[in-house]
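Chemist: So here's start-v1.cif (mmCIF, C-alpha atoms and all ligand atoms).
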```cif
data_input
loop_
_atom_site.label_atom_id
_atom_site.label_comp_id
_atom_site.auth_asym_id
_atom_site.auth_seq_id
_atom_site.Cartn_x
_atom_site.Cartn_y
_atom_site.Cartn_z
CA MET A 7 148.42 108.02 26.73
CA LYS A 8 150.65 105.80 28.84
CA ASN A 9 151.18 102.33 27.48
CA TYR A 10 152.54 99.81 29.95
CA LYS A 11 153.74 96.39 28.92
CA VAL A 12 153.18 93.81 31.66
CA ALA A 13 154.51 90.26 31.41
CA LEU A 14 152.18 87.81 33.18
CA LEU A 15 153.87 84.74 34.66
CA ALA A 16 150.94 82.78 36.09
CA GLY A 17 153.05 79.72 36.96
CA ASP A 18 151.86 76.65 38.81
CA GLY A 19 149.26 75.47 41.34
CA ILE A 20 147.00 78.32 42.42
CA GLY A 21 149.11 80.75 40.32
CA PRO A 22 146.80 80.74 37.28
CA GLU A 23 143.72 80.92 39.56
CA VAL A 24 144.83 84.07 41.37
CA MET A 25 146.35 85.58 38.21
CA LYS A 26 142.93 85.45 36.56
CA GLU A 27 141.62 87.78 39.27
CA ALA A 28 144.61 90.10 38.90
CA VAL A 29 143.87 90.38 35.18
CA LYS A 30 140.20 91.21 35.93
CA VAL A 31 141.39 94.03 38.14
CA LEU A 32 143.94 95.32 35.61
CA LYS A 33 141.30 95.43 32.89
CA LEU A 34 139.03 97.45 35.15
CA VAL A 35 141.86 99.82 36.09
CA GLU A 36 142.47 100.35 32.37
CA GLU A 37 138.79 101.01 31.76
CA ARG A 38 138.66 103.54 34.60
CA ASN A 39 141.83 105.41 33.65
CA ALA A 40 141.38 106.67 30.12
CA ASP A 41 145.03 107.72 29.78
CA VAL A 42 146.44 104.30 30.72
CA ALA A 43 146.64 101.12 28.63
CA PHE A 44 148.12 97.80 29.67
CA GLU A 45 149.60 95.43 27.13
CA LEU A 46 149.39 92.07 28.87
CA ASN A 47 151.66 89.30 27.70
CA ASP A 48 150.87 85.88 29.16
CA VAL A 49 153.95 83.62 29.16
CA LEU A 50 155.03 80.25 30.53
CA PHE A 51 157.03 80.05 33.76
CA GLY A 52 157.85 77.40 36.35
CA ALA A 53 156.91 73.73 36.20
CA ALA A 54 154.20 74.54 33.63
CA ALA A 55 156.95 75.88 31.36
CA TYR A 56 159.23 72.94 32.06
CA PHE A 57 156.62 70.36 31.07
CA GLU A 58 155.76 72.30 27.91
CA THR A 59 159.24 73.34 26.74
CA GLY A 60 161.84 71.49 28.83
CA LYS A 61 162.89 74.77 30.49
CA ALA A 62 161.42 76.37 33.62
CA PHE A 63 162.35 79.86 32.38
CA PRO A 64 162.22 79.56 28.57
CA GLU A 65 163.83 82.05 26.18
CA ALA A 66 160.44 83.39 25.02
CA THR A 67 159.56 84.21 28.63
CA LYS A 68 162.92 85.92 29.19
CA GLN A 69 162.29 88.02 26.10
CA ALA A 70 158.77 88.97 27.22
CA CYS A 71 160.18 89.98 30.62
CA ASP A 72 163.01 91.97 29.02
CA GLU A 73 160.49 93.89 26.94
CA ALA A 74 158.04 94.48 29.79
CA ASP A 75 157.80 97.61 31.92
CA ALA A 76 156.90 95.41 34.88
CA ILE A 77 156.43 91.72 35.56
CA LEU A 78 153.51 90.23 37.43
CA LYS A 79 154.15 86.74 38.70
CA GLY A 80 151.73 84.21 40.18
CA THR A 81 153.23 81.26 42.01
CA ILE A 82 155.57 78.47 41.03
CA GLY A 83 156.38 75.08 42.48
CA LEU A 84 155.06 71.57 42.85
CA SER A 85 154.28 69.41 45.83
CA HIS A 86 157.24 67.62 47.42
CA GLU A 87 156.45 64.40 45.57
CA GLU A 88 155.65 65.98 42.18
CA SER A 89 158.91 67.98 42.30
CA LYS A 90 160.86 64.77 41.96
CA LYS A 91 159.66 64.50 38.35
CA ILE A 92 161.91 67.45 37.42
CA PRO A 93 165.73 67.44 37.57
CA VAL A 94 166.91 69.46 40.58
CA ASP A 95 168.36 72.37 38.59
CA GLU A 96 165.24 72.76 36.43
CA GLN A 97 162.85 72.69 39.38
CA PRO A 98 160.89 75.93 39.23
CA GLU A 99 162.57 77.52 42.27
CA ARG A 100 166.15 77.03 41.04
CA GLY A 101 165.32 76.97 37.34
CA ALA A 102 162.93 79.92 37.11
CA LEU A 103 162.38 82.02 40.22
CA LEU A 104 165.97 82.59 41.35
CA PRO A 105 167.13 83.24 37.74
CA LEU A 106 164.31 85.81 37.40
CA ARG A 107 165.52 87.58 40.54
CA ARG A 108 169.11 87.47 39.39
CA ARG A 109 168.34 88.59 35.82
CA TYR A 110 166.78 91.86 37.00
CA ASN A 111 168.83 92.18 40.19
CA THR A 112 165.65 92.63 42.21
CA TYR A 113 167.53 93.17 45.44
CA ALA A 114 164.80 94.89 47.44
CA ASN A 115 161.85 92.74 48.40
CA PHE A 116 159.01 94.59 50.13
CA ARG A 117 156.66 92.34 52.07
CA PRO A 118 153.97 94.33 53.86
CA VAL A 119 152.41 92.68 56.90
CA TYR A 120 149.25 94.73 57.01
CA LEU A 121 146.20 94.09 59.14
CA PRO A 122 143.81 96.99 59.73
CA LYS A 123 141.92 96.85 63.02
CA GLY A 124 138.67 96.02 61.22
CA VAL A 125 140.02 92.64 60.13
CA ALA A 126 142.12 91.92 63.23
CA HIS A 127 139.87 88.92 63.92
CA PHE A 128 141.62 87.08 61.05
CA SER A 129 144.77 86.92 63.16
CA PRO A 130 145.30 83.93 65.45
CA LEU A 131 146.78 86.40 67.96
CA LYS A 132 144.60 87.89 70.69
CA ALA A 133 142.93 91.23 69.93
CA GLU A 134 144.94 92.94 72.69
CA VAL A 135 148.18 91.81 71.04
CA ILE A 136 147.13 93.24 67.67
CA GLY A 137 146.00 96.48 69.33
CA GLU A 138 145.22 99.17 66.76
CA GLY A 139 146.19 96.85 63.91
CA LEU A 140 149.47 95.95 62.20
CA ASP A 141 151.33 97.84 59.52
CA ILE A 142 154.82 96.36 59.25
CA MET A 143 157.07 96.57 56.21
CA ILE A 144 159.50 93.68 55.98
CA ILE A 145 162.35 94.58 53.66
CA ARG A 146 164.18 91.46 52.58
CA GLU A 147 167.46 91.41 50.65
CA LEU A 148 166.61 89.21 47.68
CA VAL A 149 169.63 88.49 45.50
CA GLY A 150 172.40 87.58 47.91
CA GLY A 151 173.25 85.42 50.89
CA LEU A 152 172.90 81.67 51.00
CA TYR A 153 170.50 81.66 48.05
CA PHE A 154 173.10 82.82 45.56
CA GLY A 155 176.38 81.77 47.19
CA GLU A 156 178.64 79.03 45.86
CA LYS A 157 177.23 75.53 46.32
CA GLU A 158 179.02 72.22 46.28
CA THR A 159 177.84 68.69 46.86
CA GLY A 160 180.15 65.69 46.78
CA VAL A 161 181.66 62.73 48.54
CA ASP A 162 184.64 63.19 50.85
CA GLU A 163 187.74 60.98 51.17
CA ASN A 164 185.88 58.79 53.70
CA GLY A 165 183.07 58.16 51.25
CA LYS A 166 180.64 60.42 53.13
CA ARG A 167 178.32 62.71 51.20
CA PHE A 168 178.75 66.39 52.06
CA VAL A 169 177.33 69.72 51.07
CA ARG A 170 178.68 73.25 51.32
CA GLU A 171 176.70 76.45 50.68
CA VAL A 172 178.24 79.86 51.07
CA LEU A 173 176.55 82.88 52.67
CA GLU A 174 178.17 85.74 50.84
CA TYR A 175 177.62 89.51 50.67
CA ASP A 176 179.84 92.36 49.63
CA GLU A 177 179.52 95.77 51.22
CA ASP A 178 177.84 97.36 48.20
CA GLN A 179 175.09 94.75 48.22
CA ILE A 180 174.45 95.35 51.90
CA ARG A 181 174.64 99.13 51.60
CA GLN A 182 172.03 99.28 48.84
CA ILE A 183 169.38 97.33 50.76
CA ILE A 184 170.13 99.12 54.04
CA THR A 185 169.84 102.48 52.28
CA VAL A 186 166.44 101.49 50.89
CA ALA A 187 165.33 100.50 54.40
CA PHE A 188 166.40 103.86 55.86
CA GLU A 189 164.65 105.74 53.07
CA VAL A 190 161.43 103.84 53.69
CA SER A 191 161.73 104.34 57.47
CA GLN A 192 162.21 108.06 56.99
CA LYS A 193 158.87 108.25 55.19
CA ARG A 194 157.12 106.18 57.85
CA LYS A 195 157.62 106.13 61.63
CA LYS A 196 161.40 106.76 61.57
CA VAL A 197 162.18 103.57 63.48
CA LEU A 198 164.14 100.84 61.75
CA HIS A 199 164.49 97.38 63.20
CA ASN A 200 167.69 95.80 61.95
CA ILE A 201 167.41 92.01 62.16
CA HIS A 202 170.70 90.13 62.38
CA LYS A 203 172.63 87.23 63.88
CA SER A 204 175.99 88.87 64.63
CA ASN A 205 176.58 86.65 67.67
CA VAL A 206 177.32 83.82 65.20
CA LEU A 207 177.47 84.98 61.59
CA LYS A 208 180.34 87.10 60.28
CA SER A 209 178.00 88.23 57.50
CA SER A 210 175.86 89.90 60.18
CA VAL A 211 178.93 91.59 61.69
CA LEU A 212 179.62 93.29 58.34
CA TRP A 213 175.89 93.94 57.85
CA ASN A 214 175.70 95.73 61.23
CA GLU A 215 178.83 97.80 60.53
CA ILE A 216 177.17 99.03 57.36
CA VAL A 217 173.93 99.78 59.18
CA GLU A 218 175.97 102.05 61.50
CA GLU A 219 177.67 103.75 58.55
CA VAL A 220 174.46 104.37 56.61
CA ALA A 221 172.69 105.53 59.79
CA LYS A 222 174.93 108.63 59.79
CA ASP A 223 173.09 109.84 56.67
CA PHE A 224 169.70 109.37 58.36
CA PRO A 225 170.11 110.97 61.80
CA ASP A 226 166.32 111.26 62.21
CA VAL A 227 165.81 107.48 62.00
CA GLU A 228 166.21 105.46 65.20
CA VAL A 229 167.83 102.05 64.70
CA LYS A 230 166.92 99.10 66.89
CA ASN A 231 169.09 96.02 66.52
CA ILE A 232 167.46 92.65 67.24
CA LEU A 233 168.81 89.14 66.87
CA VAL A 234 166.71 87.19 64.39
CA ASP A 235 165.69 84.47 66.84
CA ALA A 236 164.42 87.01 69.34
CA ALA A 237 162.67 88.90 66.53
CA ALA A 238 160.68 85.76 65.75
CA THR A 239 159.38 85.75 69.33
CA TYR A 240 158.60 89.48 69.41
CA LEU A 241 156.65 89.11 66.17
CA CYS A 242 154.26 86.86 68.09
CA LEU A 243 154.30 88.59 71.45
CA ASN A 244 154.24 92.22 70.36
CA PRO A 245 154.16 92.65 66.58
CA ALA A 246 152.71 96.16 66.84
CA GLN A 247 156.11 97.47 68.01
CA PHE A 248 157.51 96.98 64.48
CA ASP A 249 157.32 99.42 61.61
CA VAL A 250 160.14 98.75 59.11
CA MET A 251 162.27 95.63 59.51
CA VAL A 252 165.31 94.94 57.31
CA MET A 253 167.11 91.62 56.99
CA GLU A 254 169.12 89.34 54.76
CA ASN A 255 167.57 86.96 52.28
CA MET A 256 167.01 83.78 54.30
CA PHE A 257 165.90 85.56 57.48
CA GLY A 258 163.43 87.51 55.35
CA ASP A 259 162.05 84.38 53.74
CA ILE A 260 161.25 82.88 57.11
CA LEU A 261 160.07 85.95 59.02
CA SER A 262 157.83 87.11 56.18
CA ASP A 263 155.99 83.78 56.19
CA GLN A 264 155.68 84.21 59.94
CA GLY A 265 154.13 87.57 59.08
CA GLY A 266 151.53 85.70 57.05
CA GLY A 267 150.85 83.48 60.05
CA ILE A 268 150.30 86.50 62.26
CA LEU A 269 147.82 87.97 59.77
CA GLY A 270 145.96 84.68 59.62
CA SER A 271 147.00 83.46 56.14
CA LEU A 272 149.70 83.65 53.52
CA GLY A 273 146.83 84.74 51.33
CA LEU A 274 147.29 88.23 52.83
CA MET A 275 150.94 88.69 51.82
CA PRO A 276 151.58 90.60 48.58
CA SER A 277 155.10 91.63 47.64
CA ALA A 278 157.21 93.82 45.40
CA CYS A 279 160.68 92.86 44.17
CA LYS A 280 162.48 95.98 43.09
CA GLY A 281 165.52 96.15 40.87
CA PRO A 282 167.51 99.11 39.55
CA GLU A 283 165.76 99.00 36.18
CA LYS A 284 162.94 96.52 36.41
CA SER A 285 160.71 95.27 39.16
CA TYR A 286 158.46 92.32 39.49
CA TYR A 287 155.51 91.68 41.75
CA GLU A 288 154.35 88.43 43.30
CA PRO A 289 152.47 86.99 46.25
CA SER A 290 154.85 85.94 49.05
CA HIS A 291 153.16 82.57 49.21
CA GLY A 292 153.70 79.50 47.07
CA SER A 293 151.61 77.44 44.70
CA ALA A 294 149.56 75.89 47.54
CA PRO A 295 149.30 72.38 46.04
CA ASP A 296 146.91 71.41 48.87
CA ILE A 297 144.16 73.71 47.56
CA ALA A 298 145.10 74.11 43.88
CA GLY A 299 142.24 73.51 41.44
CA LYS A 300 139.55 74.04 44.07
CA GLY A 301 138.85 77.68 43.25
CA ILE A 302 139.19 78.72 46.90
CA ALA A 303 142.63 80.37 46.97
CA ASN A 304 142.64 83.84 48.42
CA PRO A 305 143.61 86.26 45.61
CA TYR A 306 144.39 89.16 48.01
CA SER A 307 148.18 88.60 47.86
CA MET A 308 148.03 88.58 44.07
CA ILE A 309 145.73 91.59 43.73
CA GLY A 310 147.75 93.39 46.43
CA SER A 311 150.80 92.77 44.25
CA VAL A 312 148.94 94.53 41.42
CA ALA A 313 148.37 97.47 43.78
CA LEU A 314 152.09 97.55 44.57
CA MET A 315 152.86 97.49 40.83
CA LEU A 316 150.47 100.38 40.14
CA GLU A 317 152.11 102.41 42.89
CA MET A 318 155.77 101.53 42.49
CA SER A 319 156.16 100.98 38.73
CA PHE A 320 153.43 103.14 37.20
CA GLY A 321 153.10 106.03 39.68
CA MET A 322 149.36 105.37 40.13
CA GLU A 323 149.32 105.94 43.90
CA GLN A 324 145.66 106.90 44.18
CA GLU A 325 144.43 103.95 42.14
CA ALA A 326 146.60 101.66 44.26
CA LYS A 327 144.99 103.09 47.41
CA ASN A 328 141.57 102.58 45.87
CA LEU A 329 142.44 98.96 45.24
CA TRP A 330 143.60 98.37 48.82
CA ASN A 331 140.38 99.97 50.04
CA ALA A 332 138.31 97.89 47.64
CA MET A 333 139.86 94.68 48.99
CA GLN A 334 139.35 95.73 52.60
CA SER A 335 135.73 96.61 51.83
CA VAL A 336 135.10 93.01 50.75
CA PHE A 337 136.23 91.80 54.19
CA ALA A 338 134.30 94.60 55.89
CA ALA A 339 131.14 93.44 54.12
CA GLY A 340 131.55 90.07 55.84
CA TYR A 341 133.08 87.94 53.09
CA SER A 342 136.25 85.89 53.13
CA THR A 343 137.95 82.96 51.47
CA PRO A 344 138.12 79.78 53.61
CA ASP A 345 141.79 80.26 54.63
CA LEU A 346 140.79 83.24 56.76
CA SER A 347 137.49 82.44 58.32
CA LYS A 348 138.27 80.10 61.16
CA ASP A 349 135.55 81.56 63.35
CA GLY A 350 132.78 80.78 60.89
CA GLU A 351 131.53 84.36 61.00
CA ALA A 352 132.35 85.39 57.46
CA GLU A 353 130.45 84.27 54.40
CA LEU A 354 132.83 82.04 52.48
CA ILE A 355 133.44 82.92 48.86
CA THR A 356 135.50 81.59 45.97
CA THR A 357 138.60 83.09 44.39
CA ALA A 358 136.55 84.36 41.45
CA LYS A 359 133.84 85.86 43.65
CA PHE A 360 136.47 87.70 45.69
CA GLY A 361 137.86 89.16 42.46
CA ASP A 362 134.37 90.15 41.30
CA LEU A 363 133.56 91.87 44.60
CA VAL A 364 136.86 93.76 44.53
CA CYS A 365 136.04 94.95 41.01
CA GLU A 366 132.51 95.95 42.05
CA ALA A 367 133.89 98.01 44.93
CA LEU A 368 136.65 99.57 42.82
CA ALA A 369 134.20 100.50 40.08
CA LYS A 370 132.26 102.64 42.59
CA MET A 371 135.30 104.68 43.63
CA PRO A 372 136.02 108.02 42.02
CA VAL A 373 138.97 108.06 39.64
CA ALA A 374 141.75 110.43 40.73
P1 LIG B 1 152.57 77.60 50.19
O1 LIG B 1 152.80 79.05 50.46
O2 LIG B 1 152.26 77.23 48.80
O3 LIG B 1 151.40 77.07 51.14
C1 LIG B 1 151.48 77.06 52.56
C2 LIG B 1 150.06 77.03 53.14
O4 LIG B 1 149.42 78.28 52.90
C3 LIG B 1 149.17 75.98 52.48
O5 LIG B 1 148.32 75.42 53.43
C4 LIG B 1 148.37 76.77 51.46
O6 LIG B 1 147.11 76.23 51.15
C5 LIG B 1 148.24 78.11 52.17
N1 LIG B 1 148.12 79.22 51.19
C6 LIG B 1 149.13 79.79 50.49
N2 LIG B 1 148.66 80.73 49.69
C7 LIG B 1 147.32 80.78 49.87
C8 LIG B 1 146.28 81.55 49.31
N3 LIG B 1 146.50 82.51 48.40
N4 LIG B 1 145.01 81.32 49.72
C9 LIG B 1 144.76 80.38 50.65
N5 LIG B 1 145.70 79.61 51.23
C10 LIG B 1 146.98 79.81 50.84
O7 LIG B 1 153.88 76.86 50.70
P2 LIG B 1 154.36 75.35 50.50
O8 LIG B 1 153.19 74.44 50.54
O9 LIG B 1 155.44 75.19 51.46
O10 LIG B 1 154.99 75.33 49.06
C11 LIG B 1 154.33 74.86 47.89
C12 LIG B 1 155.19 75.13 46.67
O11 LIG B 1 155.27 76.55 46.44
C13 LIG B 1 156.63 74.66 46.82
O12 LIG B 1 156.98 74.07 45.59
C14 LIG B 1 157.42 75.93 47.04
O13 LIG B 1 158.75 75.86 46.58
C15 LIG B 1 156.63 76.91 46.23
N6 LIG B 1 156.77 78.33 46.62
C16 LIG B 1 156.78 79.24 45.61
C17 LIG B 1 156.82 80.60 45.91
C18 LIG B 1 156.80 81.60 44.82
O14 LIG B 1 156.32 81.33 43.73
N7 LIG B 1 157.30 82.80 45.05
C19 LIG B 1 156.81 81.00 47.25
C20 LIG B 1 156.78 80.05 48.26
C21 LIG B 1 156.74 78.69 47.94
C1 LIG B 2 159.53 83.08 48.54
C2 LIG B 2 159.75 81.62 48.26
C3 LIG B 2 161.05 81.41 47.50
C4 LIG B 2 162.18 81.90 48.40
C5 LIG B 2 161.28 79.99 47.02
C6 LIG B 2 160.14 79.42 46.25
C7 LIG B 2 162.56 79.89 46.22
O1 LIG B 2 159.72 80.87 49.42
O2 LIG B 2 159.44 83.87 47.58
O3 LIG B 2 159.43 83.44 49.71
O4 LIG B 2 162.66 81.12 49.24
O5 LIG B 2 162.59 83.04 48.24
MN MN B 3 159.15 81.99 51.16
#
```
Mind turning the file's structure into structure tokens?

Modeler:
Amino acid sequence: MKNYKVALLAGDGIGPEVMKEAVKVLKLVEERNADVAFELNDVLFGAAAYFETGKAFPEATKQACDEADAILKGTIGLSHEESKKIPVDEQPERGALLPLRRRYNTYANFRPVYLPKGVAHFSPLKAEVIGEGLDIMIIRELVGGLYFGEKETGVDENGKRFVREVLEYDEDQIRQIITVAFEVSQKRKKVLHNIHKSNVLKSSVLWNEIVEEVAKDFPDVEVKNILVDAAATYLCLNPAQFDVMVMENMFGDILSDQGGGILGSLGLMPSACKGPEKSYYEPSHGSAPDIAGKGIANPYSMIGSVALMLEMSFGMEQEAKNLWNAMQSVFAAGYSTPDLSKDGEAELITTAKFGDLVCEALAKMPVA
């Protein structure tokens, strides 16, 4: 019997709504797999935690995460206006999410941009641009760069306010994420797009040097170097050319949301954040204050994050595949949440109904 402890960090906004569907799925997976048990530990995180305890990442949550085999996170964050109610350093992004990433050194962030041909109509891009469908893996460095560099705000000798934020990497940090990207490329199409900005940033000059060094250990992988601004254009004009893309933290934040745009919604963007000892899983999107509480959030990113957890933390590859297929079958049957159906063709369903239909489909699939 395998017992897995999973810390559940539902968070804010639509976080608890989509987490509920993830829990439904996990319970079904447990039911289907007699040799697997999940111990789920629901804990406070984000603004919800701040308002309850005065801390966005309270000690009890840290302890639950330390004890867990994997962490499943919903979404954190408040609307622009609501955020002002919390001191800057306790706001859920700085006070909870970045400390979570740092605590477990989750340096490798996998953000699949996946759109099978059957659901290509969800994309705002023309069918001929999508071609046979999209299957891109964005690999984003997650614990370095501008996000974690030194920060200073102050007033200079002329009385003017200033700010300074440092984009910092050392060669080991770069080497470890680049190595992951080559390893993933080797198992896929053996083409790695290295996204950089070496015409301006010294950090990219070092980054590219390391790409060349690591490339020597992966002679079967072709490297294509693209400046980040151009990459943003190619993602719109010809996304199907990409297989694995690797980039630093900030570039990855922006281009992965662009990935969501190309798919048709951030609701289709699960992610895995892998550390040396512990990994956590979360949708790439935020707390969506504009639709929170309406029961219409798309839980695909959250349930997809469960699939990534099953595969990457618990070695349950077949069950993960079943789950992807179950989610796709819901779309294939003509259902979608309102974020996706701009053409009015799909039957619109709620967050809970999507979760139920995924479970219905999964329940019919043979267990490996
Ligand atoms: P957002 O990702 O929350 O929303 C952007 C747009 O996408 C909105 O129109 C929203 O309705 C839509 N959307 C996102 N997820 C959806 C889903 N599952 N189903 C349907 N529609 C969905 O980005 P934002 O509005 O810029 O940020 C809101 C808050 O979320 C901010 O406080 C931000 O800091 C935070 N945030 C948190 C995370 C995280 O928890 N990892 C990630 C990104 C943003
Ligand atoms: C993401 C989010 C976070 C990031 C924010 C909420 C700190 O946008 O996970 O993409 O910028 O990394
Ligand atoms: Mn983001």

Chemist: Excluding same-chain residues fewer than 4 positions from Gly124 in chain A, what lies within 10 Å of it counting all atoms listed in the file, as a compact mmCIF listing (two decimals) with C-alpha atoms, in the coordinates of the input?

Modeler:
```
# COMPACT_ATOMS: atom_id res chain seq x y z
CA PHE A 128 141.62 87.08 61.05
CA GLU A 138 145.22 99.17 66.76
CA GLY A 139 146.19 96.85 63.91
CA GLN A 334 139.35 95.73 52.60
CA SER A 335 135.73 96.61 51.83
CA PHE A 337 136.23 91.80 54.19
CA ALA A 338 134.30 94.60 55.89
```

Chemist: Given the choices A:Leu14, A:Val220, A:Leu32, A:Leu104, which gets closest to ligand LIG 1 (chain B) if the distance is worked out from only C-alpha atoms and all ligand atoms?

Modeler: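 Closest residue, counting only C-alpha atoms and all ligand atoms: A:Leu104.
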
Chemist: Go ahead and compute the interatomic distance for CA of Leu50 in chain A and atom N4 of ligand LIG 1 (chain B), in Å to one decimal.

Modeler: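 Atom N4 of ligand LIG 1 (chain B) lies at a distance of 21.7 Å from CA of Leu50 in chain A.
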
Chemist: Please provide as a tab-separated table (two decimals) with C-alpha atoms, in the coordinates of the input all residues within 10 Å of Phe51 in chain A, with the sequence filter that same-chain residues fewer than 3 positions apart are discarded (counting only C-alpha atoms).

Modeler:
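And here's part.tsv as it stands now:
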```tsv
chain	number	residue	atom	x	y	z
A	14	LEU	CA	152.18	87.81	33.18
A	15	LEU	CA	153.87	84.74	34.66
A	16	ALA	CA	150.94	82.78	36.09
A	17	GLY	CA	153.05	79.72	36.96
A	18	ASP	CA	151.86	76.65	38.81
A	48	ASP	CA	150.87	85.88	29.16
A	54	ALA	CA	154.20	74.54	33.63
A	55	ALA	CA	156.95	75.88	31.36
A	56	TYR	CA	159.23	72.94	32.06
A	58	GLU	CA	155.76	72.30	27.91
A	59	THR	CA	159.24	73.34	26.74
A	61	LYS	CA	162.89	74.77	30.49
A	62	ALA	CA	161.42	76.37	33.62
A	63	PHE	CA	162.35	79.86	32.38
A	64	PRO	CA	162.22	79.56	28.57
A	66	ALA	CA	160.44	83.39	25.02
A	67	THR	CA	159.56	84.21	28.63
A	68	LYS	CA	162.92	85.92	29.19
A	79	LYS	CA	154.15	86.74	38.70
A	80	GLY	CA	151.73	84.21	40.18
A	81	THR	CA	153.23	81.26	42.01
A	82	ILE	CA	155.57	78.47	41.03
A	98	PRO	CA	160.89	75.93	39.23
A	101	GLY	CA	165.32	76.97	37.34
A	102	ALA	CA	162.93	79.92	37.11
A	103	LEU	CA	162.38	82.02	40.22
A	106	LEU	CA	164.31	85.81	37.40
```

Chemist: As a quick test: using all atoms listed in the file, which residues lie no more than 10 Å away from ligand MN 3 (chain B)? Give them as an NGL selection string.

Modeler: :A and (255-264 or 272 or 289-292)

Chemist: Measuring atom to atom with all atoms listed in the file, identify which of A:Ser129, A:Ser319, A:Ser342, A:Gln97 is nearest to Lys280 in chain A.

Modeler: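 Between A:Ser129, A:Ser319, A:Ser342, A:Gln97, the residue approaching Lys280 in chain A most closely is A:Ser319.
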
Chemist: Can you work out which one of A:Gly21, A:Ser89, A:Val12, A:Tyr113 has the shortest atom-to-atom distance to Glu283 in chain A, counting only C-alpha atoms?

Modeler: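 Looking only at the distances to Glu283 in chain A, the closest residue turns out to be A:Tyr113.
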
Chemist: Complete the atoms of range 271-286 of chain A to N, CA and C atoms and put them out as a CSV table (one decimal), keeping the file's coordinate frame.

Modeler:
```
chain,number,residue,atom,x,y,z
A,271,SER,N,146.8,84.3,57.4
A,271,SER,CA,147.0,83.5,56.1
A,271,SER,C,148.1,84.1,55.3
A,272,LEU,N,148.8,83.2,54.5
A,272,LEU,CA,149.7,83.6,53.5
A,272,LEU,C,148.9,84.3,52.4
A,273,GLY,N,147.7,84.1,52.3
A,273,GLY,CA,146.8,84.7,51.3
A,273,GLY,C,146.7,86.2,51.5
A,274,LEU,N,147.3,86.8,52.6
A,274,LEU,CA,147.3,88.2,52.8
A,274,LEU,C,148.7,88.9,52.7
A,275,MET,N,149.6,88.2,51.9
A,275,MET,CA,150.9,88.7,51.8
A,275,MET,C,151.4,89.0,50.4
A,276,PRO,N,151.1,90.2,49.9
A,276,PRO,CA,151.6,90.6,48.6
A,276,PRO,C,153.1,91.0,48.7
A,277,SER,N,153.7,91.1,47.6
A,277,SER,CA,155.1,91.6,47.6
A,277,SER,C,155.6,92.3,46.3
A,278,ALA,N,156.6,93.1,46.5
A,278,ALA,CA,157.2,93.8,45.4
A,278,ALA,C,158.7,93.5,45.4
A,279,CYS,N,159.3,93.2,44.3
A,279,CYS,CA,160.7,92.9,44.2
A,279,CYS,C,161.3,93.9,43.2
A,280,LYS,N,162.1,94.8,43.8
A,280,LYS,CA,162.5,96.0,43.1
A,280,LYS,C,163.9,95.9,42.7
A,281,GLY,N,164.2,96.1,41.4
A,281,GLY,CA,165.5,96.2,40.9
A,281,GLY,C,165.9,97.5,40.4
A,282,PRO,N,167.1,97.8,40.0
A,282,PRO,CA,167.5,99.1,39.6
A,282,PRO,C,166.8,99.6,38.3
A,283,GLU,N,166.5,98.6,37.4
A,283,GLU,CA,165.8,99.0,36.2
A,283,GLU,C,164.4,98.4,36.1
A,284,LYS,N,164.2,97.2,36.6
A,284,LYS,CA,162.9,96.5,36.4
A,284,LYS,C,162.5,95.9,37.7
A,285,SER,N,161.2,95.9,37.9
A,285,SER,CA,160.7,95.3,39.2
A,285,SER,C,159.7,94.2,38.8
A,286,TYR,N,159.6,93.3,39.7
A,286,TYR,CA,158.5,92.3,39.5
A,286,TYR,C,157.7,92.2,40.8
```
